[in-house]
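Asks: I'm passing along upload-v1.cif; it holds mmCIF, C-alpha atoms.
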```cif
data_data
#
loop_
_atom_site.label_atom_id
_atom_site.label_comp_id
_atom_site.auth_asym_id
_atom_site.auth_seq_id
_atom_site.Cartn_x
_atom_site.Cartn_y
_atom_site.Cartn_z
CA MET A 1 -80.09 -120.53 2.32
CA THR A 2 -79.14 -123.75 0.54
CA THR A 3 -75.60 -124.56 -0.52
CA GLN A 4 -76.60 -124.15 -4.16
CA SER A 5 -78.18 -120.72 -3.64
CA LYS A 6 -75.23 -119.59 -1.50
CA SER A 7 -72.84 -120.61 -4.27
CA ALA A 8 -74.95 -118.72 -6.81
CA GLU A 9 -74.90 -115.61 -4.63
CA ASN A 10 -71.11 -115.84 -4.22
CA ARG A 11 -70.77 -115.99 -8.00
CA GLY A 12 -73.03 -112.98 -8.25
CA VAL A 13 -70.86 -111.03 -5.82
CA ALA A 14 -67.73 -111.91 -7.82
CA GLN A 15 -69.42 -110.93 -11.09
CA LEU A 16 -70.68 -107.60 -9.77
CA MET A 17 -67.37 -106.79 -8.09
CA THR A 18 -65.58 -107.43 -11.37
CA ALA A 19 -68.09 -105.28 -13.25
CA MET A 20 -67.70 -102.39 -10.79
CA VAL A 21 -63.89 -102.58 -10.89
CA LEU A 22 -64.06 -102.41 -14.69
CA SER A 23 -66.45 -99.49 -14.40
CA GLY A 24 -63.96 -97.67 -12.19
CA THR A 25 -61.42 -97.74 -15.02
CA LEU A 26 -63.82 -96.14 -17.50
CA GLY A 27 -62.58 -92.59 -16.89
CA VAL A 28 -59.00 -93.55 -17.78
CA PHE A 29 -60.16 -95.08 -21.07
CA VAL A 30 -62.11 -91.91 -21.89
CA VAL A 31 -59.22 -89.56 -21.13
CA GLU A 32 -56.54 -91.71 -22.75
CA SER A 33 -58.51 -92.01 -25.99
CA GLY A 34 -57.85 -88.32 -26.58
CA ALA A 35 -61.14 -88.00 -28.47
CA SER A 36 -63.87 -85.45 -27.88
CA PRO A 37 -66.77 -86.58 -25.63
CA PHE A 38 -69.14 -86.84 -28.60
CA ASN A 39 -66.66 -89.00 -30.51
CA VAL A 40 -65.95 -91.13 -27.43
CA VAL A 41 -69.65 -91.85 -26.87
CA PHE A 42 -70.32 -92.41 -30.57
CA PHE A 43 -67.63 -95.06 -30.92
CA ARG A 44 -68.54 -96.53 -27.54
CA VAL A 45 -72.09 -97.19 -28.75
CA VAL A 46 -70.85 -98.52 -32.11
CA PHE A 47 -68.49 -101.06 -30.54
CA GLY A 48 -70.92 -101.65 -27.69
CA ALA A 49 -73.69 -102.52 -30.15
CA LEU A 50 -71.39 -105.04 -31.82
CA ALA A 51 -70.51 -106.61 -28.47
CA LEU A 52 -74.03 -106.75 -27.05
CA GLY A 53 -75.57 -107.73 -30.38
CA SER A 54 -73.15 -110.64 -30.74
CA TYR A 55 -73.88 -111.83 -27.20
CA VAL A 56 -77.66 -111.60 -27.59
CA LEU A 57 -77.47 -113.40 -30.97
CA SER A 58 -75.33 -116.18 -29.49
CA ARG A 59 -77.91 -116.72 -26.73
CA GLY A 60 -80.82 -116.74 -29.17
CA TRP A 61 -82.63 -113.93 -27.35
CA PHE A 62 -83.81 -112.12 -30.45
CA ARG A 63 -86.49 -114.79 -30.74
CA GLY A 64 -89.33 -114.03 -28.36
CA HIS A 65 -87.74 -110.70 -27.41
CA GLY A 66 -90.86 -109.53 -25.56
CA PHE A 67 -90.93 -105.99 -26.93
CA THR A 68 -94.25 -104.30 -27.63
CA PRO A 69 -94.60 -100.93 -29.40
CA ARG A 70 -94.95 -99.29 -25.95
CA THR A 71 -91.93 -100.96 -24.32
CA LEU A 72 -89.80 -100.42 -27.43
CA GLY A 73 -90.70 -96.73 -27.34
CA LEU A 74 -89.74 -96.57 -23.67
CA ALA A 75 -86.42 -98.28 -24.42
CA VAL A 76 -85.72 -95.72 -27.17
CA LEU A 77 -86.55 -92.83 -24.84
CA GLY A 78 -84.33 -94.31 -22.14
CA GLY A 79 -81.58 -94.59 -24.74
CA VAL A 80 -81.80 -90.87 -25.51
CA PHE A 81 -81.32 -90.07 -21.83
CA ILE A 82 -78.51 -92.57 -21.23
CA VAL A 83 -76.48 -91.56 -24.29
CA PHE A 84 -76.48 -87.85 -23.47
CA ASN A 85 -75.80 -88.77 -19.84
CA TRP A 86 -72.51 -90.27 -21.06
CA VAL A 87 -71.70 -87.17 -23.12
CA PHE A 88 -72.12 -84.82 -20.15
CA LEU A 89 -70.24 -87.11 -17.75
CA PHE A 90 -67.27 -87.40 -20.11
CA GLU A 91 -67.29 -83.61 -20.58
CA SER A 92 -67.19 -83.32 -16.80
CA TYR A 93 -64.02 -85.45 -16.66
CA ARG A 94 -62.28 -82.82 -18.76
CA ASN A 95 -63.45 -79.83 -16.72
CA THR A 96 -63.05 -81.24 -13.19
CA SER A 97 -61.40 -84.63 -12.63
CA ILE A 98 -62.46 -88.25 -12.81
CA SER A 99 -62.74 -88.37 -9.00
CA VAL A 100 -64.92 -85.30 -8.54
CA ALA A 101 -67.10 -86.04 -11.56
CA THR A 102 -67.69 -89.65 -10.47
CA VAL A 103 -68.64 -88.81 -6.88
CA VAL A 104 -70.94 -85.96 -7.96
CA TYR A 105 -72.46 -88.32 -10.52
CA HIS A 106 -73.36 -90.72 -7.73
CA THR A 107 -76.18 -88.46 -6.61
CA GLN A 108 -78.20 -90.49 -9.17
CA PRO A 109 -80.39 -92.36 -6.63
CA LEU A 110 -81.54 -89.05 -5.19
CA TYR A 111 -82.71 -87.84 -8.58
CA VAL A 112 -84.61 -91.09 -9.10
CA VAL A 113 -86.54 -90.43 -5.88
CA LEU A 114 -87.15 -86.74 -6.61
CA LEU A 115 -88.18 -87.35 -10.22
CA GLY A 116 -90.43 -90.23 -9.16
CA ALA A 117 -92.23 -87.92 -6.74
CA LEU A 118 -92.45 -85.09 -9.28
CA LEU A 119 -93.44 -87.06 -12.39
CA PHE A 120 -95.24 -90.11 -11.03
CA ARG A 121 -96.45 -88.87 -7.63
CA GLU A 122 -94.45 -91.50 -5.78
CA ARG A 123 -94.48 -91.01 -2.02
CA LEU A 124 -91.68 -88.81 -0.70
CA THR A 125 -91.26 -89.36 3.03
CA ALA A 126 -89.71 -86.94 5.52
CA ALA A 127 -86.87 -89.41 6.03
CA LYS A 128 -86.06 -89.44 2.31
CA VAL A 129 -86.13 -85.64 2.21
CA GLY A 130 -83.67 -85.61 5.10
CA TRP A 131 -81.30 -88.06 3.38
CA ILE A 132 -81.50 -86.07 0.15
CA ALA A 133 -80.62 -82.88 2.04
CA LEU A 134 -77.67 -84.67 3.66
CA ALA A 135 -76.46 -85.89 0.27
CA PHE A 136 -76.56 -82.42 -1.21
CA ALA A 137 -74.60 -81.13 1.77
CA GLY A 138 -72.02 -83.78 0.89
CA LEU A 139 -72.23 -82.68 -2.73
CA ILE A 140 -71.32 -79.12 -1.78
CA LEU A 141 -68.27 -80.40 0.11
CA VAL A 142 -67.14 -82.81 -2.63
CA SER A 143 -67.56 -80.30 -5.44
CA GLY A 144 -65.06 -77.92 -3.83
CA VAL A 145 -66.83 -75.01 -5.50
CA THR A 146 -66.05 -71.61 -3.96
CA PRO A 147 -67.85 -68.26 -4.38
CA SER A 148 -65.10 -67.15 -6.76
CA ASP A 149 -66.05 -69.97 -9.14
CA PHE A 150 -69.45 -68.35 -9.62
CA THR A 151 -67.98 -64.98 -10.50
CA SER A 152 -65.09 -66.18 -12.66
CA GLY A 153 -67.19 -68.48 -14.84
CA GLY A 154 -64.44 -71.09 -14.87
CA SER A 155 -64.60 -74.52 -16.42
CA TYR A 156 -64.53 -76.27 -13.02
CA LEU A 157 -67.99 -75.04 -12.05
CA LYS A 158 -69.20 -75.98 -15.51
CA GLY A 159 -67.80 -79.49 -15.02
CA VAL A 160 -69.62 -79.95 -11.71
CA GLY A 161 -72.83 -78.86 -13.42
CA GLN A 162 -72.23 -81.33 -16.25
CA ALA A 163 -71.82 -84.20 -13.76
CA LEU A 164 -75.08 -83.18 -12.07
CA LEU A 165 -76.86 -83.01 -15.42
CA ALA A 166 -75.48 -86.45 -16.28
CA ALA A 167 -76.87 -87.79 -13.01
CA LEU A 168 -80.26 -86.21 -13.77
CA LEU A 169 -80.37 -87.83 -17.22
CA TYR A 170 -79.37 -91.17 -15.69
CA GLY A 171 -82.24 -90.80 -13.21
CA LEU A 172 -84.69 -90.14 -16.06
CA SER A 173 -83.42 -93.20 -17.93
CA THR A 174 -83.80 -95.33 -14.80
CA LEU A 175 -87.41 -94.21 -14.27
CA VAL A 176 -88.26 -94.92 -17.91
CA THR A 177 -86.65 -98.37 -18.07
CA LYS A 178 -88.17 -99.41 -14.73
CA ARG A 179 -91.48 -99.41 -16.57
CA ILE A 180 -90.31 -102.00 -19.09
CA THR A 181 -91.20 -105.54 -18.04
CA GLY A 182 -90.85 -108.90 -19.71
CA VAL A 183 -87.76 -107.91 -21.72
CA ARG A 184 -84.21 -108.98 -20.98
CA PRO A 185 -82.02 -106.04 -19.89
CA HIS A 186 -79.42 -107.00 -22.51
CA LEU A 187 -81.99 -106.29 -25.21
CA ILE A 188 -82.96 -102.97 -23.62
CA ALA A 189 -79.30 -101.97 -23.44
CA LEU A 190 -78.81 -103.00 -27.07
CA VAL A 191 -81.70 -100.77 -28.13
CA GLN A 192 -80.16 -97.92 -26.15
CA VAL A 193 -76.77 -98.13 -27.84
CA LEU A 194 -78.38 -98.49 -31.26
CA VAL A 195 -80.33 -95.31 -30.53
CA GLY A 196 -77.03 -93.68 -29.62
CA ILE A 197 -75.55 -94.44 -33.03
CA SER A 198 -78.29 -92.57 -34.86
CA LEU A 199 -78.41 -89.77 -32.29
CA LEU A 200 -74.69 -89.02 -32.29
CA LEU A 201 -73.86 -89.64 -35.93
CA PRO A 202 -74.48 -85.96 -36.84
CA PHE A 203 -72.10 -84.88 -34.03
CA ALA A 204 -69.29 -87.36 -34.75
CA ASP A 205 -66.13 -85.73 -36.12
CA PHE A 206 -64.56 -88.44 -38.27
CA GLY A 207 -61.85 -86.09 -39.49
CA ALA A 208 -60.53 -85.71 -35.95
CA MET A 209 -60.09 -89.49 -35.73
CA ALA A 210 -57.78 -89.79 -38.73
CA GLY A 211 -54.55 -89.65 -36.70
CA THR A 212 -55.82 -91.48 -33.63
CA GLY A 213 -53.64 -94.56 -34.22
CA TRP A 214 -53.26 -96.78 -31.17
CA ASP A 215 -55.76 -94.64 -29.27
CA TRP A 216 -58.45 -96.60 -31.10
CA GLY A 217 -57.71 -99.36 -28.60
CA TRP A 218 -59.17 -97.26 -25.80
CA LEU A 219 -62.36 -96.66 -27.80
CA VAL A 220 -62.69 -100.34 -28.69
CA GLY A 221 -62.20 -101.13 -25.00
CA LEU A 222 -65.02 -98.75 -24.01
CA GLY A 223 -67.35 -100.61 -26.34
CA PHE A 224 -66.36 -104.22 -25.79
CA ILE A 225 -65.19 -104.07 -22.15
CA HIS A 226 -67.24 -101.28 -20.55
CA THR A 227 -70.42 -101.84 -22.55
CA GLY A 228 -70.23 -105.50 -23.54
CA VAL A 229 -68.40 -107.52 -20.90
CA MET A 230 -69.32 -105.24 -18.02
CA TYR A 231 -73.05 -105.17 -18.76
CA VAL A 232 -73.18 -108.95 -19.21
CA LEU A 233 -71.48 -109.40 -15.83
CA MET A 234 -73.81 -106.93 -14.13
CA TYR A 235 -76.99 -108.48 -15.45
CA ALA A 236 -75.78 -111.96 -14.57
CA ALA A 237 -75.08 -110.75 -11.02
CA TYR A 238 -78.45 -109.04 -10.68
CA ALA A 239 -80.18 -112.38 -11.22
CA LYS A 240 -78.39 -113.81 -8.17
CA LEU A 241 -78.18 -110.97 -5.65
CA PRO A 242 -80.61 -109.17 -3.34
CA THR A 243 -81.07 -105.44 -3.82
CA SER A 244 -79.18 -104.65 -0.62
CA LYS A 245 -75.95 -106.25 -1.87
CA ILE A 246 -76.32 -104.67 -5.31
CA ALA A 247 -76.65 -101.21 -3.75
CA VAL A 248 -73.59 -101.68 -1.52
CA LEU A 249 -71.36 -103.20 -4.19
CA ALA A 250 -72.25 -100.42 -6.64
CA PHE A 251 -70.06 -98.07 -4.61
CA VAL A 252 -66.98 -100.08 -5.57
CA TYR A 253 -67.17 -98.12 -8.84
CA PRO A 254 -66.46 -94.62 -7.44
CA ALA A 255 -63.85 -96.02 -5.05
CA VAL A 256 -61.91 -97.63 -7.91
CA ALA A 257 -62.37 -94.52 -10.08
CA MET A 258 -60.80 -92.34 -7.38
CA VAL A 259 -57.86 -94.74 -6.96
CA MET A 260 -57.30 -94.83 -10.73
CA ASP A 261 -57.45 -91.05 -10.96
CA TRP A 262 -54.78 -90.78 -8.27
CA ALA A 263 -52.58 -93.62 -9.61
CA VAL A 264 -52.64 -92.53 -13.26
CA TYR A 265 -53.02 -88.75 -13.13
CA GLY A 266 -52.02 -87.83 -9.58
CA HIS A 267 -55.43 -86.30 -8.91
CA HIS A 268 -56.97 -86.59 -5.48
CA ILE A 269 -59.69 -84.80 -3.62
CA GLY A 270 -58.84 -82.59 -0.66
CA LEU A 271 -59.65 -83.25 2.99
CA VAL A 272 -62.78 -81.08 3.03
CA GLN A 273 -63.98 -82.70 -0.18
CA ALA A 274 -63.36 -86.15 1.28
CA LEU A 275 -65.72 -85.35 4.14
CA GLY A 276 -68.58 -85.16 1.67
CA VAL A 277 -68.03 -88.63 0.17
CA PRO A 278 -69.47 -90.68 3.08
CA LEU A 279 -72.47 -88.34 3.23
CA ILE A 280 -73.34 -89.05 -0.40
CA VAL A 281 -72.67 -92.78 -0.03
CA LEU A 282 -74.76 -93.09 3.14
CA ALA A 283 -77.66 -91.07 1.74
CA GLY A 284 -77.57 -92.99 -1.54
CA LEU A 285 -77.75 -96.31 0.28
CA LYS A 286 -80.54 -95.17 2.60
CA VAL A 287 -82.65 -93.85 -0.27
CA THR A 288 -82.00 -96.89 -2.48
CA LEU A 289 -82.76 -99.45 0.21
CA ALA A 290 -85.77 -97.69 1.74
CA ARG A 291 -88.96 -99.73 1.54
CA PRO A 292 -92.54 -98.41 1.67
CA ARG A 293 -94.06 -98.94 5.10
CA SER A 294 -97.15 -100.56 3.66
CA SER A 295 -95.27 -103.23 1.76
CA ALA A 296 -94.06 -106.47 3.23
CA PRO A 297 -90.34 -107.13 3.04
CA ALA A 298 -89.43 -108.74 -0.25
CA ARG A 299 -88.20 -112.31 -0.06
CA GLU A 300 -84.54 -112.11 -1.02
CA THR A 301 -83.40 -115.20 -2.82
CA ALA A 302 -80.16 -115.90 -4.57
CA VAL A 303 -81.64 -117.48 -7.69
CA ARG A 304 -83.96 -115.10 -9.57
CA ALA A 305 -83.38 -115.72 -13.27
CA PRO A 306 -86.98 -114.94 -14.37
CA GLU A 307 -86.92 -111.63 -12.47
CA ALA A 308 -83.65 -110.68 -14.14
CA ALA A 309 -85.42 -110.53 -17.49
CA SER A 310 -87.30 -107.46 -16.26
CA ARG A 311 -84.45 -105.61 -14.57
CA PRO A 312 -83.84 -102.15 -15.99
CA ALA A 313 -80.88 -101.64 -18.30
CA THR A 314 -79.71 -98.72 -16.21
CA PRO A 315 -78.71 -100.34 -12.91
CA VAL A 316 -79.07 -98.52 -9.61
CA ALA A 317 -76.08 -96.31 -8.90
CA SER A 318 -73.77 -98.14 -11.16
CA GLU A 319 -71.79 -97.48 -14.28
CA ALA A 320 -72.07 -94.44 -16.49
#
```
Write out the structure in this file as structure tokens.

Replies:
Amino acid sequence: MTTQSKSAENRGVAQLMTAMVLSGTLGVFVVESGASPFNVVFFRVVFGALALGSYVLSRGWFRGHGFTPRTLGLAVLGGVFIVFNWVFLFESYRNTSISVATVVYHTQPLYVVLLGALLFRERLTAAKVGWIALAFAGLILVSGVTPSDFTSGGSYLKGVGQALLAALLYGLSTLVTKRITGVRPHLIALVQVLVGISLLLPFADFGAMAGTGWDWGWLVGLGFIHTGVMYVLMYAAYAKLPTSKIAVLAFVYPAVAMVMDWAVYGHHIGLVQALGVPLIVLAGLKVTLARPRSSAPARETAVRAPEAASRPATPVASEA
């Protein structure tokens, strides 16, 4: 690796680390806003569209955007999945905790593999099945669900289910956007948040926002920081980093989220639950980094700006 490419990769690591740390604070912004999940997501996509739209306009990327009717339709469909993924994840924060919801949500890579096999007949090896089984064993431990939760119909079990549904929707969005090529991920993400505005407008409760006051700052932050700044940092990093480093650094997000949940709200997972975390992390990494036997190892280079234009707008195992 040349000095120039090494420097580019180091910048990519710093950019992705920063993005994942910001992502780990997302739950606090959601909770502190005091708004309902539908309102939180609606104003996130509004402010996020302003942030991403301004950035794309400043870079001149609207010209020669690369969209075709097919890829634009795929971006819209991915937007439907990603927006409701946010709604269910934010609902899960309320019914469980930021820590539990975030770790359960990080079963995303497993859904990508399962859905790929189910919908697109992608090869599902015995090894992948084994890692998926291990991850779901970890999921059972992390969730902390007991038999009484099934009989009492409590909100905790509902929250775990919401996090799982959010992960499933994220997986669907990932599979859809993976099939979009020749379009910058910033433009795909912009389409997704614009779709969110029209989708969630009927559900937005503007009357409930009348007395929000300073809590608007949290909502503005979700749009400009967690959808604007964070996405720009992630996509810049993806152009410089190999898949292996992206997959590993993505787990900074749940680690920071758990620390924030403990520092701000005093929430922490129990010892038995903690035993499930490394199982999910290990399985997620193994499934994400697995390569087909028939394919030659990809050449991993630190400078891949043209490739970055085709990266999906829903990064592997990253932010909600």

Asks: Between A:Ser33, A:Gln192, A:Asn95, A:Ser23, which residue has the minimum interatomic distance to Lys158 (chain A), considering only C-alpha atoms?

Replies: A:Asn95

Asks: Counting all atoms listed in the file, figure out which residue out of A:Val76, A:Ala247, A:Leu175, A:Leu124 gets nearest to Leu199 (chain A).

Replies: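 For Leu199 (chain A), the nearest of the candidates is A:Val76.
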
Asks: Any idea what the distance is between CA of Gly171 (chain A) and CA of Leu115 (chain A)?

Replies: 7.5 Å

Asks: Could you work out how far CA of His226 (chain A) lies from CA of Ala274 (chain A), giving the answer in Å with one decimal?

Replies: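 Computed distance, CA of Ala274 (chain A) to CA of His226 (chain A), equals 26.8 Å.
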
Asks: Can you pull out every residue within 9 Å of Gly270 (chain A), counting only C-alpha atoms, but drop anything in the same chain fewer than 5 positions away, and send it as a count of residues only?

Replies: 3

Asks: Rank nothing, just name the residue among A:Val129, A:Leu26, A:Leu194, A:Met234 nearest to Val113 (chain A), using only C-alpha atoms.

Replies: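 Ranking A:Val129, A:Leu26, A:Leu194, A:Met234 by distance to Val113 (chain A), first place goes to A:Val129.
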
Asks: Interatomic distance between CA of Val193 (chain A) and CA of Ala75 (chain A)?

Replies: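 Straight-line distance from CA of Val193 (chain A) to CA of Ala75 (chain A) works out to 10.2 Å.
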
Asks: Report as a list in words all protein, DNA and RNA residues lying within 10 Å of Asn85 (chain A), evaluated on all atoms listed in the file, omitting residues in the same chain fewer than 5 positions from it.

Replies: Val41, Gly79, Val80, Phe90, Glu91, Tyr105, Gln162, Ala163, Leu164, Leu165, Ala166, Ala167, Leu168, Leu169, Tyr170, Gly171, Leu172, Ser173 and Ala320 of chain A

Asks: Would you save the residues from that selection as an mmCIF file, in the frame of the given file, using C-alpha atoms?

Replies:
```cif
data_model
loop_
_atom_site.group_PDB
_atom_site.id
_atom_site.type_symbol
_atom_site.label_atom_id
_atom_site.label_comp_id
_atom_site.auth_asym_id
_atom_site.auth_seq_id
_atom_site.Cartn_x
_atom_site.Cartn_y
_atom_site.Cartn_z
ATOM 1 C CA VAL A 41 -69.650 -91.850 -26.870
ATOM 2 C CA GLY A 79 -81.580 -94.590 -24.740
ATOM 3 C CA VAL A 80 -81.800 -90.870 -25.510
ATOM 4 C CA PHE A 90 -67.270 -87.400 -20.110
ATOM 5 C CA GLU A 91 -67.290 -83.610 -20.580
ATOM 6 C CA TYR A 105 -72.460 -88.320 -10.520
ATOM 7 C CA GLN A 162 -72.230 -81.330 -16.250
ATOM 8 C CA ALA A 163 -71.820 -84.200 -13.760
ATOM 9 C CA LEU A 164 -75.080 -83.180 -12.070
ATOM 10 C CA LEU A 165 -76.860 -83.010 -15.420
ATOM 11 C CA ALA A 166 -75.480 -86.450 -16.280
ATOM 12 C CA ALA A 167 -76.870 -87.790 -13.010
ATOM 13 C CA LEU A 168 -80.260 -86.210 -13.770
ATOM 14 C CA LEU A 169 -80.370 -87.830 -17.220
ATOM 15 C CA TYR A 170 -79.370 -91.170 -15.690
ATOM 16 C CA GLY A 171 -82.240 -90.800 -13.210
ATOM 17 C CA LEU A 172 -84.690 -90.140 -16.060
ATOM 18 C CA SER A 173 -83.420 -93.200 -17.930
ATOM 19 C CA ALA A 320 -72.070 -94.440 -16.490
#
```
